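Data block below; observations after.
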Amino acid sequence: MKIWKYGDNINTDMLFPGKYTYTCSTAEEVKPHLLEDLDPLFAKNVQEGDLIFAGKNFGCGSSREQPTLGLKAVGIAAVVAESFARIFYRSSINQGLLLIECPEAVHAYKKGDTVSLDVEKGVITVGSKHYSFPKLPKEILAIRDAGGLLPYTREKLKQKKKR
Amino acid sequence: MGMTFAEKILARYAHEKTVVPGQIVTVKPDHLLMHDNAAPIISKIQPELKEYGVYRKDLPVIVLDHVVPAAAEKNAAQHKQIREFVKTYKIKYFFDVGCGVCHQIVVEKGLALPGTVVLGSDSHTCSYGAVGAFSSGIDRTEAAALLLTGETWLKVPVSIKITLKGKLGRMVTAKDVILSIIGDVSASGADYASVEFHGSVSQFTVDERFTIANMGVEMGAKNAVFPVDAVTTQYLHSIGFPPSKYKPVNPDPDAAYKRELSYDLTKIGPVVAVPHGVDKVKSIKDVEGIQINQCLLGTCTNGRLSDLRIAAKILKGKHIHPNVRFLILPASRQVYLDALKEGLITTLVAAGGTLLPTGCGPCLGAHQGALAPGERCLSTSNRNFKGRMGCNEAEIYLASPATVAVSAIKGKITDPRKGVQI
């Protein structure tokens with residue numbers, strides 16, 4: 001598992017360039033351009049189970065779904081950041097991409113540290129130290145547990161029709 | 001204890017007496033905005049649309065503006081798919097190529113009114129706080145779900161109160177105000193928060209409030225809102241919406257804010273956001289003389305009549321510098337027609353400007369006006385991120401229409417207060 005470490009204010013243009021937004025929509029179209037203007041090595045070398053560590057305001061800028069769709073598709077286990085921009089945060093819930101807001105863990109991380117995650121307990125371990133992160137509210141967990149917003153919505157519509 | 005704007009309006013829409021920050025509420029927005037991205041949105045839910053239809057045919061507002069007219073077959077096919085969807089589901093509010101930038105259209109057509117809630121699959125949906133609406137950006141998947149169910153969850157945000165005091169000086173504009181605030185609070189300074197503007201706001205027209213609210217998202221805000229006052233009601237009356245058509249929500253005087261900030265407008269001068277962050281804001285004197293290759297006047301931030309007026313006033317009888325390309329995008333067909341009537345377009349084109357179709361154009365690097373490596377653009381748009389105008393080795397500087405127009409003449413970043421005599 002590799003940790004990809006980035007700084008503050010990583011915007012959605014860095015995560016996926018605007019010039020491709022109307023020509024690439026599916027995960028397969030998106031994957032080769034992920035983080036293209038931030039880190040050209042990312043798309044080539046990212047592997048399932050990798051983590052992203054970042055500073056404040058990760059995902060700021062345009063409402064752009066390709067980053068959350070793409071990061072989920074390449075198997076990013078979680079993005080751990082000091083804070084997230086809100087549209088990106090919502091989009092991650094909708095796609096089922098795990099975000100962890102935990103400034104302490106980000107500050108503690110040094111290159112070479114091993115990192116492990118216990119999502120159910122809400123604990124991230126960096127080196128030998130454990131940091132807890134808040135659980136999502138139940139309304140939001142229901143979306144995640146359904147596998148994202150679209151499966152959640154389909155189920156909701158089905159239930160409504162039955163009634 | 002009183003309630004903030006966000007608390008009041010979300011309580012109204014959640015059918016609760018009170019709500020508190022952090023509470024999750026379910027709301028049914030009045031409108032759902034989509035643009036060219038309506039194509040990928042509807043593609044996600046084809047079987048569901050067939051089975052359940054659209055929640056309300058007057059819920060979506062679809063405006064084609066991001067890549068217009070189509071740059072390539074793929075865009076054209078998306079636009080065609082959207083037109084077919086509009087026809088099949090009898091969507092009431094559809095604005096085809098050439099009508100304008102989506103946010104301008106929403107306000108101009110009275111689709112965001114005081115006390116209403118509008119969500120949109122575009123980050124600058126926060127603009128409608130200019131007329132006292134609660135408006136916020138969401139992603140494509142959420143827009144798809146909303147099309148089917150008409151409802152979504154929102155977390156009640158904390159609120160930040162920004163009080164503006166005093167009067168702006170000559171050639172200093174609303175754009176300088178919002179850039180100065182973002183430079184002060186940082187790109188994450190209002191993350192998850194509702195931002196309210198208070199104080200000497202009556203000096204700002206709806207156009208100017210639009211510029212300020214539009215950039216709320218650049219400091220992370222969920223929404224950004226102005227009080228509904230005589231300026232708002234007069235504007236709305238002028239576009240056919242008398243006060244009987246809406247129920248404004250204004251914050252209580254004793255509402256609780258997470259943070260209160262105050263700015264003395266007499267101390268704000270022209271500023272420029274330098275690459276590659278909107279919060280990297282510098283006084284004009286620190287960037288004067290930087291050579292530029294392209295100037296951009298337009299977008300949802302600064303493509304309105306008052307923006308074209310100030311640029312035309314500066315450029316009248318003058319010519320842009322030979323090293324500069326000056327691109328102009330009126331924010332809507334109405335703005336374009338009004339500008340034609342006033343002779344502004346003649347002035348701007350005679351000065352060497354290139355008129356682009358009403359739309360988003362070069363702002364996001366998806367259509368026209370792309371930059372080459374090593375080039376610099378001075379733009380009235382809202383983002384100067386690396387790669388934003390199609391090239392990651394180019395630089396974008398953000399400024400007011402006055403600063404952009406003066407700088408276009410000089411070929412370098414210039415203080416609008418001393419650049420020309422008008």
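Please note that chains go A, B, ... in the order of the structure tokens, that every chain numbers its residues from 1, and that ligands are numbered from 1 in the order shown.
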Q: Mind checking which residues fall within 6 Å of B:Cys377, counting only C-alpha atoms, ignoring those fewer than 4 positions away in the same chain, and posting them as a ChimeraX atom specification?
A: /B:292-295,396
Please produce a file of the residues just selected, as a PDB file, in the first residue's frame, where the atoms kept are N, CA and C atoms.
ATOM      1  N   ILE B 292       1.203  40.685 -20.156  1.00  0.00           N
ATOM      2  CA  ILE B 292       0.112  39.738 -20.372  1.00  0.00           C
ATOM      3  C   ILE B 292      -0.105  39.477 -21.861  1.00  0.00           C
ATOM      4  N   ASN B 293      -0.612  38.279 -22.169  1.00  0.00           N
ATOM      5  CA  ASN B 293      -0.858  37.903 -23.561  1.00  0.00           C
ATOM      6  C   ASN B 293      -2.338  37.877 -23.905  1.00  0.00           C
ATOM      7  N   GLN B 294      -3.167  37.626 -22.877  1.00  0.00           N
ATOM      8  CA  GLN B 294      -4.612  37.507 -23.137  1.00  0.00           C
ATOM      9  C   GLN B 294      -5.388  38.185 -22.010  1.00  0.00           C
ATOM     10  N   CYS B 295      -6.478  38.850 -22.395  1.00  0.00           N
ATOM     11  CA  CYS B 295      -7.372  39.430 -21.398  1.00  0.00           C
ATOM     12  C   CYS B 295      -8.754  38.818 -21.635  1.00  0.00           C
ATOM     13  N   ILE B 396      -2.717  32.325 -14.893  1.00  0.00           N
ATOM     14  CA  ILE B 396      -3.948  33.111 -14.927  1.00  0.00           C
ATOM     15  C   ILE B 396      -3.954  34.060 -13.726  1.00  0.00           C
TER      16      ILE B 396
END
Q: Compile the contact shell of A:Leu38 as a list in words: residues with an atom at most 9 Å away, counting only C-alpha atoms, same-chain residues fewer than 5 positions apart removed.
A: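 Returned residues: Tyr6, Ile10, Asp13, Met14 and Leu15 of chain A; Lys386 of chain B.
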Q) atom CA of B:Leu398 and atom CA of B:Ser188 are how many Å apart? A) 18.1 Å
Q | Pick from A:Glu101, A:Asp8, A:Glu139, A:Asp50, whichever lies nearest to A:Ile124 using only C-alpha atoms | A |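 With only C-alpha atoms as the atom set, the closest residue is A:Glu101.
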(Q) Could you work out which residues of chain A fall inside 7 Å of chain B? Count only C-alpha atoms, and format the result as a PyMOL selection string. (A) chain A and resi 13+17-20+22-23+25+37+57+61-65+85-87+91+94+150+153
What lies within 8 Å of B:Pro270 using only C-alpha atoms, ignoring chain neighbours under 6 positions off, as a short mmCIF file (atom, residue, chain, number, x, y, z; two decimals) with N, CA and C atoms, in the first residue's frame?
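Now in result19.cif:
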data_model
loop_
_atom_site.label_atom_id
_atom_site.label_comp_id
_atom_site.auth_asym_id
_atom_site.auth_seq_id
_atom_site.Cartn_x
_atom_site.Cartn_y
_atom_site.Cartn_z
N MET B 171 -12.97 53.46 -9.36
CA MET B 171 -12.34 52.35 -10.11
C MET B 171 -12.03 51.13 -9.24
N VAL B 172 -12.62 51.11 -8.05
CA VAL B 172 -12.52 49.91 -7.21
C VAL B 172 -13.91 49.28 -7.25
N THR B 173 -13.96 47.97 -7.46
CA THR B 173 -15.24 47.32 -7.75
C THR B 173 -15.56 46.19 -6.78
N ASP B 176 -12.99 43.56 -6.54
CA ASP B 176 -11.87 43.83 -5.64
C ASP B 176 -12.26 43.52 -4.19
N SER B 283 -2.03 43.37 -3.76
CA SER B 283 -2.38 44.74 -4.13
C SER B 283 -1.86 44.98 -5.54
N ILE B 284 -2.57 45.80 -6.30
CA ILE B 284 -2.19 46.05 -7.69
C ILE B 284 -0.74 46.56 -7.79
N ALA B 399 -8.81 39.61 -11.90
CA ALA B 399 -8.97 41.02 -11.52
C ALA B 399 -10.35 41.51 -11.93
N SER B 400 -10.60 42.78 -11.67
CA SER B 400 -11.89 43.39 -12.00
C SER B 400 -11.94 43.75 -13.48
N THR B 403 -9.66 46.77 -14.14
CA THR B 403 -8.23 46.45 -14.20
C THR B 403 -7.90 45.72 -15.51
N ASP B 415 -2.71 49.62 -12.84
CA ASP B 415 -3.66 50.15 -11.86
C ASP B 415 -4.73 50.96 -12.60
N PRO B 416 -6.00 50.55 -12.49
CA PRO B 416 -7.03 51.27 -13.26
C PRO B 416 -7.21 52.72 -12.81
#
Q. Could you pull the residues within 6 Å of A:Phe16, counting only C-alpha atoms, minus those fewer than 5 positions along the same chain, as a PyMOL selection string?
A. chain A and resi 34-35+67
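The set of residues in stretch 36-132 of chain A assigned to strand (DSSP E or B) by DSSP, using only backbone atoms of this structure, is Leu51, Ile52, Phe53, Ala54, Phe58, Cys60, Ala78, Val79, Val80, Ala81, Phe84, Leu99, Ile100, Glu101, Val115, Ser116, Leu117, Asp118, Val123, Ile124, Thr125, Val126, Lys129, His130, Tyr131 and Ser132 of chain A.
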Q. Interatomic distance between atom CA of B:His319 and atom CA of B:Thr211?
A. 26.8 Å
Q) Could you name the residues that touch B:Ser127 at 10 Å or less, counting only C-alpha atoms, but leaving out those on the same chain fewer than 5 positions away, as a list in words? A)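 My reading of the contact set: His103, Gln104, Val106, Val107, Ala112, Gly132, Ala133, Phe134, Ser135, Ser136, Gly137, Arg209, Phe210, Thr211, Ile212, Ala213, Asn214, Met215, Gly216, Val217, Asn223, Ala224, Val225, Cys300 and Thr301 of chain B.
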Q. Could you pull out the helix (DSSP H, G or I) residues of stretch 4-142 of chain B from DSSP and send them as a PyMOL selection string?
A. chain B and resi 5-14+38-43+46-52+73-88+102-108+123-131+140-142
Would you list the contacts of B:Leu179 as a tab-separated table (two decimals) with C-alpha atoms, in the first residue's frame, taking every protein, DNA or RNA residue within 8 Å and counting only C-alpha atoms, but skipping same-chain residues closer than 4 positions in sequence?
chain	number	residue	atom	x	y	z
B	175	LYS	CA	-14.61	42.11	-7.64
B	183	GLY	CA	-7.30	36.74	0.29
B	271	VAL	CA	-6.29	43.77	-6.26
B	272	VAL	CA	-5.21	40.80	-8.36
B	273	ALA	CA	-5.25	37.08	-7.50
B	278	VAL	CA	-7.80	32.49	-5.79
B	279	ASP	CA	-6.64	33.41	-2.26
B	281	VAL	CA	-4.38	38.10	-3.54
Q: Go through A:Leu99, A:Leu157, A:Val79, A:Val115 and flag the residue nearest A:Met1, using only C-alpha atoms for the distances.
A: A:Val115
Q: Have a look at atom CA of B:His79 and atom CA of B:Ile62 and let me know their distance in Å, one decimal.
A: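 So the answer is 10.8 Å.
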Selection: 12 Å around B:Thr346, only C-alpha atoms, excl. self and same-chain fewer than 2 positions, as a PDB file with N, CA and C atoms, in the first residue's frame:
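Result file is out.pdb:
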ATOM      1  N   LEU B 308     -19.454  45.276 -18.810  1.00  0.00           N
ATOM      2  CA  LEU B 308     -19.123  45.689 -20.180  1.00  0.00           C
ATOM      3  C   LEU B 308     -19.074  47.215 -20.271  1.00  0.00           C
ATOM      4  N   ARG B 309     -19.949  47.866 -19.484  1.00  0.00           N
ATOM      5  CA  ARG B 309     -19.989  49.342 -19.494  1.00  0.00           C
ATOM      6  C   ARG B 309     -18.664  49.942 -19.025  1.00  0.00           C
ATOM      7  N   ALA B 312     -15.991  49.365 -21.606  1.00  0.00           N
ATOM      8  CA  ALA B 312     -16.195  50.202 -22.795  1.00  0.00           C
ATOM      9  C   ALA B 312     -15.821  51.662 -22.508  1.00  0.00           C
ATOM     10  N   LYS B 313     -16.134  52.099 -21.296  1.00  0.00           N
ATOM     11  CA  LYS B 313     -15.804  53.470 -20.898  1.00  0.00           C
ATOM     12  C   LYS B 313     -14.286  53.682 -20.953  1.00  0.00           C
ATOM     13  N   LEU B 315     -12.118  51.776 -22.700  1.00  0.00           N
ATOM     14  CA  LEU B 315     -11.537  51.482 -24.020  1.00  0.00           C
ATOM     15  C   LEU B 315     -12.038  52.402 -25.135  1.00  0.00           C
ATOM     16  N   LYS B 316     -12.997  53.271 -24.830  1.00  0.00           N
ATOM     17  CA  LYS B 316     -13.580  54.137 -25.867  1.00  0.00           C
ATOM     18  C   LYS B 316     -12.500  54.968 -26.552  1.00  0.00           C
ATOM     19  N   GLY B 317     -12.426  54.812 -27.874  1.00  0.00           N
ATOM     20  CA  GLY B 317     -11.469  55.594 -28.655  1.00  0.00           C
ATOM     21  C   GLY B 317     -10.026  55.133 -28.500  1.00  0.00           C
ATOM     22  N   ILE B 328     -14.072  38.781 -25.241  1.00  0.00           N
ATOM     23  CA  ILE B 328     -15.251  39.327 -24.551  1.00  0.00           C
ATOM     24  C   ILE B 328     -16.404  38.336 -24.670  1.00  0.00           C
ATOM     25  N   TYR B 336     -26.069  40.883 -24.016  1.00  0.00           N
ATOM     26  CA  TYR B 336     -25.523  41.130 -25.355  1.00  0.00           C
ATOM     27  C   TYR B 336     -26.398  42.178 -26.082  1.00  0.00           C
ATOM     28  N   LEU B 337     -27.714  41.971 -26.070  1.00  0.00           N
ATOM     29  CA  LEU B 337     -28.630  42.894 -26.746  1.00  0.00           C
ATOM     30  C   LEU B 337     -28.574  44.286 -26.120  1.00  0.00           C
ATOM     31  N   ALA B 339     -26.103  45.546 -24.495  1.00  0.00           N
ATOM     32  CA  ALA B 339     -24.787  46.130 -24.800  1.00  0.00           C
ATOM     33  C   ALA B 339     -24.737  46.630 -26.240  1.00  0.00           C
ATOM     34  N   LEU B 340     -25.404  45.903 -27.136  1.00  0.00           N
ATOM     35  CA  LEU B 340     -25.472  46.356 -28.534  1.00  0.00           C
ATOM     36  C   LEU B 340     -26.209  47.691 -28.620  1.00  0.00           C
ATOM     37  N   LYS B 341     -27.338  47.753 -27.893  1.00  0.00           N
ATOM     38  CA  LYS B 341     -28.170  48.949 -27.906  1.00  0.00           C
ATOM     39  C   LYS B 341     -27.395  50.166 -27.392  1.00  0.00           C
ATOM     40  N   GLU B 342     -26.564  49.934 -26.389  1.00  0.00           N
ATOM     41  CA  GLU B 342     -25.794  51.040 -25.803  1.00  0.00           C
ATOM     42  C   GLU B 342     -24.520  51.349 -26.580  1.00  0.00           C
ATOM     43  N   GLY B 343     -24.228  50.542 -27.604  1.00  0.00           N
ATOM     44  CA  GLY B 343     -23.018  50.782 -28.398  1.00  0.00           C
ATOM     45  C   GLY B 343     -21.750  50.241 -27.751  1.00  0.00           C
ATOM     46  N   LEU B 344     -21.908  49.479 -26.671  1.00  0.00           N
ATOM     47  CA  LEU B 344     -20.729  48.986 -25.946  1.00  0.00           C
ATOM     48  C   LEU B 344     -19.944  47.975 -26.781  1.00  0.00           C
ATOM     49  N   LEU B 348     -16.034  48.069 -27.835  1.00  0.00           N
ATOM     50  CA  LEU B 348     -15.080  47.034 -27.429  1.00  0.00           C
ATOM     51  C   LEU B 348     -14.431  46.355 -28.642  1.00  0.00           C
ATOM     52  N   VAL B 349     -15.230  46.126 -29.691  1.00  0.00           N
ATOM     53  CA  VAL B 349     -14.677  45.478 -30.876  1.00  0.00           C
ATOM     54  C   VAL B 349     -13.767  46.455 -31.632  1.00  0.00           C
ATOM     55  N   ALA B 350     -14.176  47.721 -31.702  1.00  0.00           N
ATOM     56  CA  ALA B 350     -13.341  48.733 -32.368  1.00  0.00           C
ATOM     57  C   ALA B 350     -11.998  48.870 -31.654  1.00  0.00           C
ATOM     58  N   ALA B 351     -11.997  48.610 -30.360  1.00  0.00           N
ATOM     59  CA  ALA B 351     -10.752  48.720 -29.591  1.00  0.00           C
ATOM     60  C   ALA B 351      -9.858  47.496 -29.772  1.00  0.00           C
ATOM     61  N   GLY B 352     -10.346  46.529 -30.561  1.00  0.00           N
ATOM     62  CA  GLY B 352      -9.518  45.349 -30.839  1.00  0.00           C
ATOM     63  C   GLY B 352      -9.998  44.084 -30.145  1.00  0.00           C
ATOM     64  N   GLY B 353     -11.163  44.157 -29.498  1.00  0.00           N
ATOM     65  CA  GLY B 353     -11.691  42.988 -28.780  1.00  0.00           C
ATOM     66  C   GLY B 353     -12.230  41.925 -29.726  1.00  0.00           C
ATOM     67  N   THR B 354     -12.223  40.680 -29.273  1.00  0.00           N
ATOM     68  CA  THR B 354     -12.788  39.557 -30.027  1.00  0.00           C
ATOM     69  C   THR B 354     -13.992  39.050 -29.265  1.00  0.00           C
ATOM     70  N   LEU B 355     -15.141  39.091 -29.928  1.00  0.00           N
ATOM     71  CA  LEU B 355     -16.369  38.678 -29.260  1.00  0.00           C
ATOM     72  C   LEU B 355     -16.555  37.167 -29.376  1.00  0.00           C
TER      73      LEU B 355
END
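Nearest to B:Lys109 of all the residues B:Gly166, B:Pro29, B:Gly240, B:Gly150 is B:Gly240, based on only C-alpha atoms.
Closest approach to B:Ser238 from the set B:Gly110, B:Gly169, B:Gly269, B:Pro157 is made by B:Gly110, with distances taken over only C-alpha atoms.
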